[in-house]
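S.K.: CSV, N, CA and C atoms, file data_38.csv:
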```
chain,number,residue,atom,x,y,z
K,1,MET,N,1.3,-30.1,-10.7
K,1,MET,CA,2.2,-29.3,-9.8
K,1,MET,C,1.4,-28.0,-9.5
K,2,SER,N,1.3,-27.7,-8.2
K,2,SER,CA,0.6,-26.5,-7.9
K,2,SER,C,1.5,-25.3,-7.9
K,3,TYR,N,0.9,-24.1,-8.1
K,3,TYR,CA,1.6,-22.9,-8.2
K,3,TYR,C,1.3,-22.2,-6.8
K,4,ALA,N,2.1,-22.5,-5.8
K,4,ALA,CA,1.9,-21.9,-4.5
K,4,ALA,C,3.2,-21.8,-3.8
K,5,PRO,N,4.1,-20.9,-4.2
K,5,PRO,CA,5.3,-20.7,-3.4
K,5,PRO,C,4.9,-20.4,-1.9
K,6,ARG,N,5.8,-20.8,-1.0
K,6,ARG,CA,5.5,-20.5,0.4
K,6,ARG,C,6.2,-19.2,0.8
K,7,PHE,N,5.5,-18.5,1.7
K,7,PHE,CA,6.0,-17.2,2.2
K,7,PHE,C,5.9,-17.2,3.7
K,8,SER,N,6.8,-16.6,4.4
K,8,SER,CA,6.8,-16.5,5.8
K,8,SER,C,6.0,-15.4,6.4
K,9,SER,N,5.7,-14.4,5.5
K,9,SER,CA,4.9,-13.2,5.9
K,9,SER,C,4.2,-12.6,4.7
K,10,PHE,N,3.3,-11.7,5.1
K,10,PHE,CA,2.6,-11.0,4.0
K,10,PHE,C,3.5,-10.1,3.3
K,11,ASP,N,4.4,-9.4,4.0
K,11,ASP,CA,5.4,-8.5,3.4
K,11,ASP,C,6.3,-9.3,2.4
K,12,GLU,N,6.7,-10.5,2.7
K,12,GLU,CA,7.5,-11.3,1.8
K,12,GLU,C,6.7,-11.7,0.6
K,13,PHE,N,5.4,-12.0,0.8
K,13,PHE,CA,4.5,-12.3,-0.4
K,13,PHE,C,4.4,-11.0,-1.2
K,14,PHE,N,4.2,-9.9,-0.6
K,14,PHE,CA,4.0,-8.6,-1.3
K,14,PHE,C,5.2,-8.3,-2.2
K,15,ASP,N,6.4,-8.6,-1.8
K,15,ASP,CA,7.6,-8.4,-2.6
K,15,ASP,C,7.5,-9.3,-3.9
K,16,PHE,N,7.1,-10.5,-3.7
K,16,PHE,CA,6.8,-11.4,-4.8
K,16,PHE,C,5.7,-10.9,-5.7
K,17,TYR,N,4.7,-10.4,-5.1
K,17,TYR,CA,3.5,-9.9,-5.8
K,17,TYR,C,4.0,-8.7,-6.7
K,18,LEU,N,4.8,-7.8,-6.2
K,18,LEU,CA,5.3,-6.7,-7.0
K,18,LEU,C,6.1,-7.1,-8.2
K,19,GLN,N,6.9,-8.2,-8.0
K,19,GLN,CA,7.7,-8.7,-9.1
K,19,GLN,C,6.8,-9.2,-10.2
K,20,GLN,N,5.7,-9.8,-9.8
K,20,GLN,CA,4.7,-10.3,-10.8
K,20,GLN,C,4.0,-9.2,-11.5
K,21,HIS,N,4.2,-8.0,-11.1
K,21,HIS,CA,3.5,-6.8,-11.7
K,21,HIS,C,4.6,-5.7,-12.1
K,22,SER,N,5.6,-6.2,-12.8
K,22,SER,CA,6.7,-5.3,-13.1
K,22,SER,C,6.4,-4.4,-14.3
K,23,ASP,N,5.4,-4.8,-15.1
K,23,ASP,CA,5.0,-4.0,-16.3
K,23,ASP,C,4.0,-3.0,-15.8
K,24,SER,N,4.2,-1.7,-16.1
K,24,SER,CA,3.3,-0.6,-15.7
K,24,SER,C,1.9,-0.8,-16.3
K,25,ARG,N,1.8,-1.4,-17.5
K,25,ARG,CA,0.5,-1.6,-18.1
K,25,ARG,C,-0.3,-2.6,-17.3
K,26,ASN,N,0.4,-3.6,-16.8
K,26,ASN,CA,-0.3,-4.6,-15.9
K,26,ASN,C,-0.8,-3.9,-14.7
K,27,ARG,N,0.0,-3.1,-14.1
K,27,ARG,CA,-0.4,-2.4,-12.9
K,27,ARG,C,-1.6,-1.5,-13.1
K,28,ALA,N,-1.6,-0.8,-14.3
K,28,ALA,CA,-2.7,0.1,-14.7
K,28,ALA,C,-4.0,-0.7,-14.8
K,29,LEU,N,-3.9,-1.9,-15.4
K,29,LEU,CA,-5.1,-2.7,-15.6
K,29,LEU,C,-5.6,-3.2,-14.2
K,30,HIS,N,-4.7,-3.5,-13.3
K,30,HIS,CA,-5.1,-3.9,-11.9
K,30,HIS,C,-5.7,-2.7,-11.2
K,31,ALA,N,-5.2,-1.5,-11.3
K,31,ALA,CA,-5.7,-0.4,-10.7
K,31,ALA,C,-7.1,-0.1,-11.2
K,32,THR,N,-7.3,-0.2,-12.5
K,32,THR,CA,-8.6,0.0,-13.2
K,32,THR,C,-9.6,-1.0,-12.7
K,33,GLY,N,-9.2,-2.3,-12.7
K,33,GLY,CA,-10.1,-3.3,-12.2
K,33,GLY,C,-10.5,-3.1,-10.7
K,34,THR,N,-9.5,-2.8,-9.9
K,34,THR,CA,-9.8,-2.6,-8.5
K,34,THR,C,-10.7,-1.4,-8.2
K,35,ALA,N,-10.4,-0.3,-8.9
K,35,ALA,CA,-11.2,0.9,-8.7
K,35,ALA,C,-12.7,0.6,-9.2
K,36,LEU,N,-12.8,0.0,-10.4
K,36,LEU,CA,-14.2,-0.3,-10.9
K,36,LEU,C,-14.9,-1.3,-10.0
K,37,GLY,N,-14.2,-2.2,-9.5
K,37,GLY,CA,-14.8,-3.2,-8.5
K,37,GLY,C,-15.3,-2.5,-7.3
K,38,VAL,N,-14.5,-1.6,-6.7
K,38,VAL,CA,-15.0,-0.9,-5.5
K,38,VAL,C,-16.2,0.0,-5.9
K,39,ALA,N,-16.2,0.7,-7.1
K,39,ALA,CA,-17.3,1.5,-7.5
K,39,ALA,C,-18.5,0.6,-7.7
K,40,LEU,N,-18.4,-0.6,-8.2
K,40,LEU,CA,-19.5,-1.5,-8.4
K,40,LEU,C,-20.1,-1.9,-7.0
K,41,VAL,N,-19.3,-2.2,-6.1
K,41,VAL,CA,-19.8,-2.6,-4.8
K,41,VAL,C,-20.5,-1.4,-4.1
K,42,ALA,N,-19.9,-0.2,-4.2
K,42,ALA,CA,-20.5,0.9,-3.6
K,42,ALA,C,-21.8,1.3,-4.3
K,43,GLY,N,-21.8,1.2,-5.6
K,43,GLY,CA,-23.1,1.5,-6.3
K,43,GLY,C,-24.2,0.5,-6.0
K,44,ALA,N,-23.8,-0.8,-5.9
K,44,ALA,CA,-24.8,-1.8,-5.6
K,44,ALA,C,-25.4,-1.6,-4.2
K,45,LEU,N,-24.5,-1.2,-3.2
K,45,LEU,CA,-25.0,-1.0,-1.9
K,45,LEU,C,-25.9,0.3,-1.8
K,46,ILE,N,-25.5,1.3,-2.5
K,46,ILE,CA,-26.3,2.6,-2.5
K,46,ILE,C,-27.6,2.3,-3.2
K,47,ALA,N,-27.6,1.5,-4.3
K,47,ALA,CA,-28.9,1.2,-5.0
K,47,ALA,C,-29.7,0.1,-4.3
K,48,ARG,N,-29.2,-0.4,-3.2
K,48,ARG,CA,-29.8,-1.4,-2.4
K,48,ARG,C,-30.1,-2.7,-3.3
K,49,LYS,N,-29.1,-3.0,-4.0
K,49,LYS,CA,-29.1,-4.2,-4.9
K,49,LYS,C,-27.8,-5.0,-4.6
K,50,PRO,N,-27.7,-5.6,-3.4
K,50,PRO,CA,-26.4,-6.2,-2.9
K,50,PRO,C,-25.9,-7.3,-3.8
K,51,LEU,N,-26.8,-8.0,-4.5
K,51,LEU,CA,-26.3,-9.0,-5.4
K,51,LEU,C,-25.4,-8.5,-6.6
K,52,TYR,N,-25.7,-7.2,-7.0
K,52,TYR,CA,-25.0,-6.6,-8.0
K,52,TYR,C,-23.5,-6.4,-7.6
K,53,ALA,N,-23.3,-6.4,-6.3
K,53,ALA,CA,-21.9,-6.2,-5.8
K,53,ALA,C,-21.0,-7.4,-6.3
K,54,LEU,N,-21.6,-8.5,-6.6
K,54,LEU,CA,-20.8,-9.6,-7.0
K,54,LEU,C,-20.2,-9.4,-8.4
K,55,LEU,N,-20.6,-8.4,-9.1
K,55,LEU,CA,-20.0,-8.0,-10.4
K,55,LEU,C,-18.6,-7.6,-10.2
K,56,PHE,N,-18.2,-7.3,-9.0
K,56,PHE,CA,-16.7,-6.9,-8.8
K,56,PHE,C,-15.8,-8.1,-9.2
K,57,ILE,N,-16.3,-9.3,-9.1
K,57,ILE,CA,-15.5,-10.5,-9.4
K,57,ILE,C,-15.1,-10.5,-10.9
K,58,PRO,N,-16.1,-10.6,-11.8
K,58,PRO,CA,-15.6,-10.6,-13.2
K,58,PRO,C,-15.0,-9.3,-13.7
K,59,VAL,N,-15.4,-8.2,-13.2
K,59,VAL,CA,-14.8,-6.9,-13.6
K,59,VAL,C,-13.4,-6.8,-13.1
K,60,GLY,N,-13.3,-6.9,-11.8
K,60,GLY,CA,-11.9,-6.7,-11.1
K,60,GLY,C,-10.9,-7.7,-11.6
K,61,TYR,N,-11.3,-9.0,-11.6
K,61,TYR,CA,-10.4,-10.0,-12.0
K,61,TYR,C,-10.2,-10.1,-13.5
K,62,GLY,N,-11.2,-9.6,-14.3
K,62,GLY,CA,-11.1,-9.6,-15.7
K,62,GLY,C,-9.9,-8.7,-16.1
K,63,PHE,N,-9.9,-7.5,-15.5
K,63,PHE,CA,-8.8,-6.6,-15.8
K,63,PHE,C,-7.5,-7.1,-15.4
K,64,ALA,N,-7.5,-7.7,-14.2
K,64,ALA,CA,-6.2,-8.2,-13.6
K,64,ALA,C,-5.7,-9.4,-14.4
K,65,PHE,N,-6.6,-10.3,-14.8
K,65,PHE,CA,-6.1,-11.5,-15.6
K,65,PHE,C,-5.7,-11.1,-17.0
K,66,ALA,N,-6.3,-10.1,-17.6
K,66,ALA,CA,-5.9,-9.6,-18.8
K,66,ALA,C,-4.4,-9.0,-18.7
K,67,GLY,N,-4.2,-8.4,-17.6
K,67,GLY,CA,-2.8,-7.8,-17.4
K,67,GLY,C,-1.8,-8.9,-17.3
K,68,HIS,N,-2.1,-10.0,-16.6
K,68,HIS,CA,-1.2,-11.1,-16.5
K,68,HIS,C,-1.0,-11.9,-17.8
K,69,PHE,N,-2.1,-12.3,-18.4
K,69,PHE,CA,-2.1,-13.2,-19.5
K,69,PHE,C,-1.6,-12.5,-20.8
K,70,LEU,N,-2.1,-11.3,-21.0
K,70,LEU,CA,-1.8,-10.6,-22.2
K,70,LEU,C,-0.6,-9.6,-22.2
K,71,VAL,N,-0.3,-9.1,-21.0
K,71,VAL,CA,0.8,-8.1,-20.9
K,71,VAL,C,2.0,-8.7,-20.3
K,72,GLU,N,1.8,-9.2,-19.0
K,72,GLU,CA,3.0,-9.6,-18.2
K,72,GLU,C,3.4,-11.1,-18.6
K,73,LYS,N,2.5,-11.8,-19.2
K,73,LYS,CA,2.7,-13.2,-19.6
K,73,LYS,C,3.1,-14.1,-18.4
K,74,ASN,N,2.4,-13.9,-17.3
K,74,ASN,CA,2.7,-14.8,-16.2
K,74,ASN,C,1.4,-15.2,-15.5
K,75,LYS,N,1.5,-16.1,-14.5
K,75,LYS,CA,0.3,-16.6,-13.9
K,75,LYS,C,0.0,-15.8,-12.7
K,76,PRO,N,-1.3,-15.4,-12.5
K,76,PRO,CA,-1.6,-14.5,-11.4
K,76,PRO,C,-1.3,-15.2,-10.0
K,77,ALA,N,-0.8,-14.4,-9.1
K,77,ALA,CA,-0.6,-14.9,-7.8
K,77,ALA,C,-1.8,-15.4,-7.1
K,78,THR,N,-3.0,-14.9,-7.5
K,78,THR,CA,-4.3,-15.3,-7.0
K,78,THR,C,-4.5,-16.8,-7.0
K,79,PHE,N,-3.9,-17.5,-7.9
K,79,PHE,CA,-4.1,-18.9,-8.0
K,79,PHE,C,-3.5,-19.6,-6.8
K,80,GLY,N,-2.4,-19.1,-6.3
K,80,GLY,CA,-1.8,-19.8,-5.1
K,80,GLY,C,-2.1,-19.2,-3.8
K,81,HIS,N,-2.4,-17.9,-3.8
K,81,HIS,CA,-2.6,-17.1,-2.6
K,81,HIS,C,-3.8,-16.1,-2.7
K,82,PRO,N,-5.0,-16.6,-2.8
K,82,PRO,CA,-6.1,-15.7,-3.2
K,82,PRO,C,-6.3,-14.5,-2.2
K,83,LEU,N,-6.3,-14.7,-0.9
K,83,LEU,CA,-6.5,-13.7,0.1
K,83,LEU,C,-5.4,-12.6,0.0
K,84,TRP,N,-4.2,-13.1,0.1
K,84,TRP,CA,-3.0,-12.2,0.1
K,84,TRP,C,-3.0,-11.4,-1.2
K,85,SER,N,-3.4,-12.0,-2.3
K,85,SER,CA,-3.4,-11.3,-3.6
K,85,SER,C,-4.4,-10.2,-3.6
K,86,PHE,N,-5.6,-10.6,-3.1
K,86,PHE,CA,-6.7,-9.6,-3.0
K,86,PHE,C,-6.3,-8.4,-2.2
K,87,LEU,N,-5.7,-8.6,-1.1
K,87,LEU,CA,-5.2,-7.5,-0.2
K,87,LEU,C,-4.1,-6.8,-0.9
K,88,SER,N,-3.2,-7.5,-1.6
K,88,SER,CA,-2.1,-6.8,-2.3
K,88,SER,C,-2.6,-5.9,-3.4
K,89,ASP,N,-3.7,-6.2,-4.1
K,89,ASP,CA,-4.3,-5.4,-5.1
K,89,ASP,C,-4.5,-4.0,-4.5
K,90,PHE,N,-5.1,-4.0,-3.3
K,90,PHE,CA,-5.5,-2.7,-2.6
K,90,PHE,C,-4.2,-2.0,-2.1
K,91,ARG,N,-3.2,-2.8,-1.6
K,91,ARG,CA,-2.0,-2.2,-1.1
K,91,ARG,C,-1.2,-1.6,-2.3
K,92,MET,N,-1.2,-2.3,-3.4
K,92,MET,CA,-0.5,-1.7,-4.6
K,92,MET,C,-1.2,-0.4,-5.1
K,93,LEU,N,-2.5,-0.5,-5.1
K,93,LEU,CA,-3.3,0.7,-5.5
K,93,LEU,C,-3.0,1.9,-4.6
K,94,GLY,N,-3.0,1.6,-3.3
K,94,GLY,CA,-2.7,2.7,-2.3
K,94,GLY,C,-1.3,3.3,-2.6
K,95,LEU,N,-0.3,2.4,-2.8
K,95,LEU,CA,1.0,2.9,-3.1
K,95,LEU,C,1.0,3.7,-4.4
K,96,MET,N,0.2,3.3,-5.4
K,96,MET,CA,0.2,4.0,-6.7
K,96,MET,C,-0.4,5.4,-6.4
K,97,LEU,N,-1.5,5.5,-5.7
K,97,LEU,CA,-2.2,6.7,-5.4
K,97,LEU,C,-1.4,7.7,-4.6
K,98,SER,N,-0.6,7.1,-3.7
K,98,SER,CA,0.3,8.0,-2.8
K,98,SER,C,1.6,8.4,-3.5
K,99,GLY,N,1.9,7.8,-4.7
K,99,GLY,CA,3.1,8.1,-5.4
K,99,GLY,C,4.3,7.4,-4.8
K,100,LYS,N,4.1,6.3,-4.0
K,100,LYS,CA,5.2,5.6,-3.4
K,100,LYS,C,5.5,4.3,-4.0
K,101,LEU,N,4.8,3.9,-5.1
K,101,LEU,CA,5.0,2.6,-5.7
K,101,LEU,C,6.4,2.4,-6.3
K,102,ASP,N,6.8,3.4,-7.1
K,102,ASP,CA,8.1,3.3,-7.7
K,102,ASP,C,9.2,3.2,-6.7
K,103,GLU,N,9.1,3.9,-5.6
K,103,GLU,CA,10.1,3.8,-4.5
K,103,GLU,C,10.1,2.4,-4.0
K,104,ARG,N,9.0,1.8,-3.7
K,104,ARG,CA,8.9,0.4,-3.2
K,104,ARG,C,9.4,-0.6,-4.2
K,105,MET,N,9.1,-0.4,-5.5
K,105,MET,CA,9.5,-1.4,-6.5
K,105,MET,C,11.0,-1.3,-6.7
K,106,ASN,N,11.6,-0.1,-6.7
K,106,ASN,CA,13.0,0.1,-6.8
K,106,ASN,C,13.7,-0.5,-5.6
K,107,ARG,N,13.2,-0.4,-4.4
K,107,ARG,CA,13.8,-1.0,-3.2
K,107,ARG,C,13.8,-2.5,-3.4
K,108,ASN,N,12.7,-3.1,-3.9
K,108,ASN,CA,12.7,-4.5,-4.1
K,108,ASN,C,13.7,-5.0,-5.2
K,109,GLN,N,13.9,-4.2,-6.2
K,109,GLN,CA,14.9,-4.5,-7.2
K,109,GLN,C,16.3,-4.5,-6.6
K,110,GLY,N,16.5,-3.5,-5.8
K,110,GLY,CA,17.8,-3.5,-5.1
K,110,GLY,C,18.1,-4.7,-4.2
K,111,ASP,N,17.0,-5.1,-3.5
K,111,ASP,CA,17.1,-6.3,-2.6
K,111,ASP,C,17.4,-7.5,-3.4
K,112,SER,N,16.8,-7.7,-4.6
K,112,SER,CA,17.1,-8.9,-5.4
K,112,SER,C,18.4,-8.9,-6.0
K,113,VAL,N,19.1,-7.8,-6.2
K,113,VAL,CA,20.4,-7.7,-6.8
K,113,VAL,C,21.5,-8.1,-5.8
K,114,ALA,N,21.2,-7.7,-4.5
K,114,ALA,CA,22.2,-7.8,-3.5
K,114,ALA,C,22.5,-9.3,-3.1
```
Just dump the structure as structure tokens.

M.R.:
Amino acid sequence: MSYAPRFSSFDEFFDFYLQQHSDSRNRALHATGTALGVALVAGALIARKPLYALLFIPVGYGFAFAGHFLVEKNKPATFGHPLWSFLSDFRMLGLMLSGKLDERMNRNQGDSVA
């Protein structure tokens, strides 16, 4: 059985994605992995070693998968929706950095209760 719920839009997927990241420790691991991944890509390009940019895969996903398997105890959404999950990592990080993530997550909790 495949793990790929269907979503009618990216926003609908993102709401699901945030539910899969309810533990702040998981979100912190994702933010760390995403930030380190971006730094690795930037460093590789600055050093003119583009193949080193591929290190973002084990570093970024290593932190993210640790968050899911060890903290949240759920299956990463990447398995069913790799592109939307990748984009959602950056969207969640942006919300974290702007201080708007708690507001968005609280709104989603209110939607699921209604």

S.K.: Here is a test: counting only C-alpha atoms, which residue of K:Arg107, K:Arg6, K:His30, K:Arg91 is nearest to K:His68?

M.R.: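 Among K:Arg107, K:Arg6, K:His30, K:Arg91, it is K:His30 that comes nearest to K:His68.
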
S.K.: Mind listing the alpha helix (DSSP H) residues of stretch 32-103 of chain K, per DSSP on the backbone, as a VMD selection string?

M.R.: chain K and resid 32 to 46 56 to 66 82 to 98 101 to 103

S.K.: Please dump the current selection as a short mmCIF file (atom, residue, chain, number, x, y, z; two decimals), keeping the file's coordinate frame; keep N, CA and C atoms.

M.R.:
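Writing the result to again-v9.cif gives the following:
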```cif
data_model
loop_
_atom_site.label_atom_id
_atom_site.label_comp_id
_atom_site.auth_asym_id
_atom_site.auth_seq_id
_atom_site.Cartn_x
_atom_site.Cartn_y
_atom_site.Cartn_z
N THR K 32 -7.30 -0.20 -12.50
CA THR K 32 -8.60 0.00 -13.20
C THR K 32 -9.60 -1.00 -12.70
N GLY K 33 -9.20 -2.30 -12.70
CA GLY K 33 -10.10 -3.30 -12.20
C GLY K 33 -10.50 -3.10 -10.70
N THR K 34 -9.50 -2.80 -9.90
CA THR K 34 -9.80 -2.60 -8.50
C THR K 34 -10.70 -1.40 -8.20
N ALA K 35 -10.40 -0.30 -8.90
CA ALA K 35 -11.20 0.90 -8.70
C ALA K 35 -12.70 0.60 -9.20
N LEU K 36 -12.80 0.00 -10.40
CA LEU K 36 -14.20 -0.30 -10.90
C LEU K 36 -14.90 -1.30 -10.00
N GLY K 37 -14.20 -2.20 -9.50
CA GLY K 37 -14.80 -3.20 -8.50
C GLY K 37 -15.30 -2.50 -7.30
N VAL K 38 -14.50 -1.60 -6.70
CA VAL K 38 -15.00 -0.90 -5.50
C VAL K 38 -16.20 0.00 -5.90
N ALA K 39 -16.20 0.70 -7.10
CA ALA K 39 -17.30 1.50 -7.50
C ALA K 39 -18.50 0.60 -7.70
N LEU K 40 -18.40 -0.60 -8.20
CA LEU K 40 -19.50 -1.50 -8.40
C LEU K 40 -20.10 -1.90 -7.00
N VAL K 41 -19.30 -2.20 -6.10
CA VAL K 41 -19.80 -2.60 -4.80
C VAL K 41 -20.50 -1.40 -4.10
N ALA K 42 -19.90 -0.20 -4.20
CA ALA K 42 -20.50 0.90 -3.60
C ALA K 42 -21.80 1.30 -4.30
N GLY K 43 -21.80 1.20 -5.60
CA GLY K 43 -23.10 1.50 -6.30
C GLY K 43 -24.20 0.50 -6.00
N ALA K 44 -23.80 -0.80 -5.90
CA ALA K 44 -24.80 -1.80 -5.60
C ALA K 44 -25.40 -1.60 -4.20
N LEU K 45 -24.50 -1.20 -3.20
CA LEU K 45 -25.00 -1.00 -1.90
C LEU K 45 -25.90 0.30 -1.80
N ILE K 46 -25.50 1.30 -2.50
CA ILE K 46 -26.30 2.60 -2.50
C ILE K 46 -27.60 2.30 -3.20
N PHE K 56 -18.20 -7.30 -9.00
CA PHE K 56 -16.70 -6.90 -8.80
C PHE K 56 -15.80 -8.10 -9.20
N ILE K 57 -16.30 -9.30 -9.10
CA ILE K 57 -15.50 -10.50 -9.40
C ILE K 57 -15.10 -10.50 -10.90
N PRO K 58 -16.10 -10.60 -11.80
CA PRO K 58 -15.60 -10.60 -13.20
C PRO K 58 -15.00 -9.30 -13.70
N VAL K 59 -15.40 -8.20 -13.20
CA VAL K 59 -14.80 -6.90 -13.60
C VAL K 59 -13.40 -6.80 -13.10
N GLY K 60 -13.30 -6.90 -11.80
CA GLY K 60 -11.90 -6.70 -11.10
C GLY K 60 -10.90 -7.70 -11.60
N TYR K 61 -11.30 -9.00 -11.60
CA TYR K 61 -10.40 -10.00 -12.00
C TYR K 61 -10.20 -10.10 -13.50
N GLY K 62 -11.20 -9.60 -14.30
CA GLY K 62 -11.10 -9.60 -15.70
C GLY K 62 -9.90 -8.70 -16.10
N PHE K 63 -9.90 -7.50 -15.50
CA PHE K 63 -8.80 -6.60 -15.80
C PHE K 63 -7.50 -7.10 -15.40
N ALA K 64 -7.50 -7.70 -14.20
CA ALA K 64 -6.20 -8.20 -13.60
C ALA K 64 -5.70 -9.40 -14.40
N PHE K 65 -6.60 -10.30 -14.80
CA PHE K 65 -6.10 -11.50 -15.60
C PHE K 65 -5.70 -11.10 -17.00
N ALA K 66 -6.30 -10.10 -17.60
CA ALA K 66 -5.90 -9.60 -18.80
C ALA K 66 -4.40 -9.00 -18.70
N PRO K 82 -5.00 -16.60 -2.80
CA PRO K 82 -6.10 -15.70 -3.20
C PRO K 82 -6.30 -14.50 -2.20
N LEU K 83 -6.30 -14.70 -0.90
CA LEU K 83 -6.50 -13.70 0.10
C LEU K 83 -5.40 -12.60 0.00
N TRP K 84 -4.20 -13.10 0.10
CA TRP K 84 -3.00 -12.20 0.10
C TRP K 84 -3.00 -11.40 -1.20
N SER K 85 -3.40 -12.00 -2.30
CA SER K 85 -3.40 -11.30 -3.60
C SER K 85 -4.40 -10.20 -3.60
N PHE K 86 -5.60 -10.60 -3.10
CA PHE K 86 -6.70 -9.60 -3.00
C PHE K 86 -6.30 -8.40 -2.20
N LEU K 87 -5.70 -8.60 -1.10
CA LEU K 87 -5.20 -7.50 -0.20
C LEU K 87 -4.10 -6.80 -0.90
N SER K 88 -3.20 -7.50 -1.60
CA SER K 88 -2.10 -6.80 -2.30
C SER K 88 -2.60 -5.90 -3.40
N ASP K 89 -3.70 -6.20 -4.10
CA ASP K 89 -4.30 -5.40 -5.10
C ASP K 89 -4.50 -4.00 -4.50
N PHE K 90 -5.10 -4.00 -3.30
CA PHE K 90 -5.50 -2.70 -2.60
C PHE K 90 -4.20 -2.00 -2.10
N ARG K 91 -3.20 -2.80 -1.60
CA ARG K 91 -2.00 -2.20 -1.10
C ARG K 91 -1.20 -1.60 -2.30
N MET K 92 -1.20 -2.30 -3.40
CA MET K 92 -0.50 -1.70 -4.60
C MET K 92 -1.20 -0.40 -5.10
N LEU K 93 -2.50 -0.50 -5.10
CA LEU K 93 -3.30 0.70 -5.50
C LEU K 93 -3.00 1.90 -4.60
N GLY K 94 -3.00 1.60 -3.30
CA GLY K 94 -2.70 2.70 -2.30
C GLY K 94 -1.30 3.30 -2.60
N LEU K 95 -0.30 2.40 -2.80
CA LEU K 95 1.00 2.90 -3.10
C LEU K 95 1.00 3.70 -4.40
N MET K 96 0.20 3.30 -5.40
CA MET K 96 0.20 4.00 -6.70
C MET K 96 -0.40 5.40 -6.40
N LEU K 97 -1.50 5.50 -5.70
CA LEU K 97 -2.20 6.70 -5.40
C LEU K 97 -1.40 7.70 -4.60
N SER K 98 -0.60 7.10 -3.70
CA SER K 98 0.30 8.00 -2.80
C SER K 98 1.60 8.40 -3.50
N LEU K 101 4.80 3.90 -5.10
CA LEU K 101 5.00 2.60 -5.70
C LEU K 101 6.40 2.40 -6.30
N ASP K 102 6.80 3.40 -7.10
CA ASP K 102 8.10 3.30 -7.70
C ASP K 102 9.20 3.20 -6.70
N GLU K 103 9.10 3.90 -5.60
CA GLU K 103 10.10 3.80 -4.50
C GLU K 103 10.10 2.40 -4.00
#
```

S.K.: Suppose you want the space between atom N of K:Val59 and atom N of K:Thr32; what is it in Å?

M.R.: 11.4 Å

S.K.: Using only N, CA and C atoms for the distances, tell me which of K:Asp15, K:Leu55, K:Pro5, K:Leu40 is nearest to K:Asn108.

M.R.: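 Nearest to K:Asn108: K:Asp15.
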
S.K.: When you count only C-alpha atoms, which of these residues is closest to K:Gly33: K:Ala66, K:Leu45, K:Phe10, K:Leu18?

M.R.: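 Residue with the minimum atom-to-atom distance to K:Gly33: K:Ala66.
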
S.K.: Using C-alpha atoms, give me stretch 57-95 of chain K from the structure I just pasted, as an mmCIF file, in the first residue's frame.

M.R.:
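Output file out31.cif follows:
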```
data_model
loop_
_atom_site.group_PDB
_atom_site.id
_atom_site.type_symbol
_atom_site.label_atom_id
_atom_site.label_comp_id
_atom_site.auth_asym_id
_atom_site.auth_seq_id
_atom_site.Cartn_x
_atom_site.Cartn_y
_atom_site.Cartn_z
ATOM 1 C CA ILE K 57 20.696 15.395 0.145
ATOM 2 C CA PRO K 58 22.162 13.314 3.008
ATOM 3 C CA VAL K 59 22.569 16.333 5.290
ATOM 4 C CA GLY K 60 19.159 17.930 4.753
ATOM 5 C CA TYR K 61 17.190 14.724 4.635
ATOM 6 C CA GLY K 62 19.252 13.149 7.416
ATOM 7 C CA PHE K 63 18.071 15.806 9.847
ATOM 8 C CA ALA K 64 14.504 15.660 8.520
ATOM 9 C CA PHE K 65 14.247 11.869 8.668
ATOM 10 C CA ALA K 66 15.698 11.848 12.192
ATOM 11 C CA GLY K 67 12.918 14.244 13.163
ATOM 12 C CA HIS K 68 10.259 11.974 11.744
ATOM 13 C CA PHE K 69 11.551 8.566 12.787
ATOM 14 C CA LEU K 70 13.023 9.452 16.203
ATOM 15 C CA VAL K 71 10.911 12.398 17.388
ATOM 16 C CA GLU K 72 7.563 12.550 15.608
ATOM 17 C CA LYS K 73 7.325 8.769 14.987
ATOM 18 C CA ASN K 74 5.655 9.195 11.596
ATOM 19 C CA LYS K 75 6.467 8.675 7.935
ATOM 20 C CA PRO K 76 7.929 11.658 6.056
ATOM 21 C CA ALA K 77 5.561 13.218 3.531
ATOM 22 C CA THR K 78 8.526 13.141 1.118
ATOM 23 C CA PHE K 79 7.758 9.496 0.400
ATOM 24 C CA GLY K 80 4.436 10.347 -1.221
ATOM 25 C CA HIS K 81 4.979 13.922 -2.409
ATOM 26 C CA PRO K 82 8.692 14.659 -2.843
ATOM 27 C CA LEU K 83 8.470 18.009 -4.664
ATOM 28 C CA TRP K 84 5.727 19.485 -2.482
ATOM 29 C CA SER K 85 7.572 18.280 0.637
ATOM 30 C CA PHE K 86 10.809 19.901 -0.534
ATOM 31 C CA LEU K 87 9.003 23.182 -1.178
ATOM 32 C CA SER K 88 7.181 22.897 2.151
ATOM 33 C CA ASP K 89 10.501 22.605 4.008
ATOM 34 C CA PHE K 90 11.393 26.079 2.735
ATOM 35 C CA ARG K 91 7.912 27.455 3.339
ATOM 36 C CA MET K 92 7.936 26.188 6.922
ATOM 37 C CA LEU K 93 11.432 27.613 7.463
ATOM 38 C CA GLY K 94 10.256 30.968 6.103
ATOM 39 C CA LEU K 95 7.311 30.964 8.499
#
```
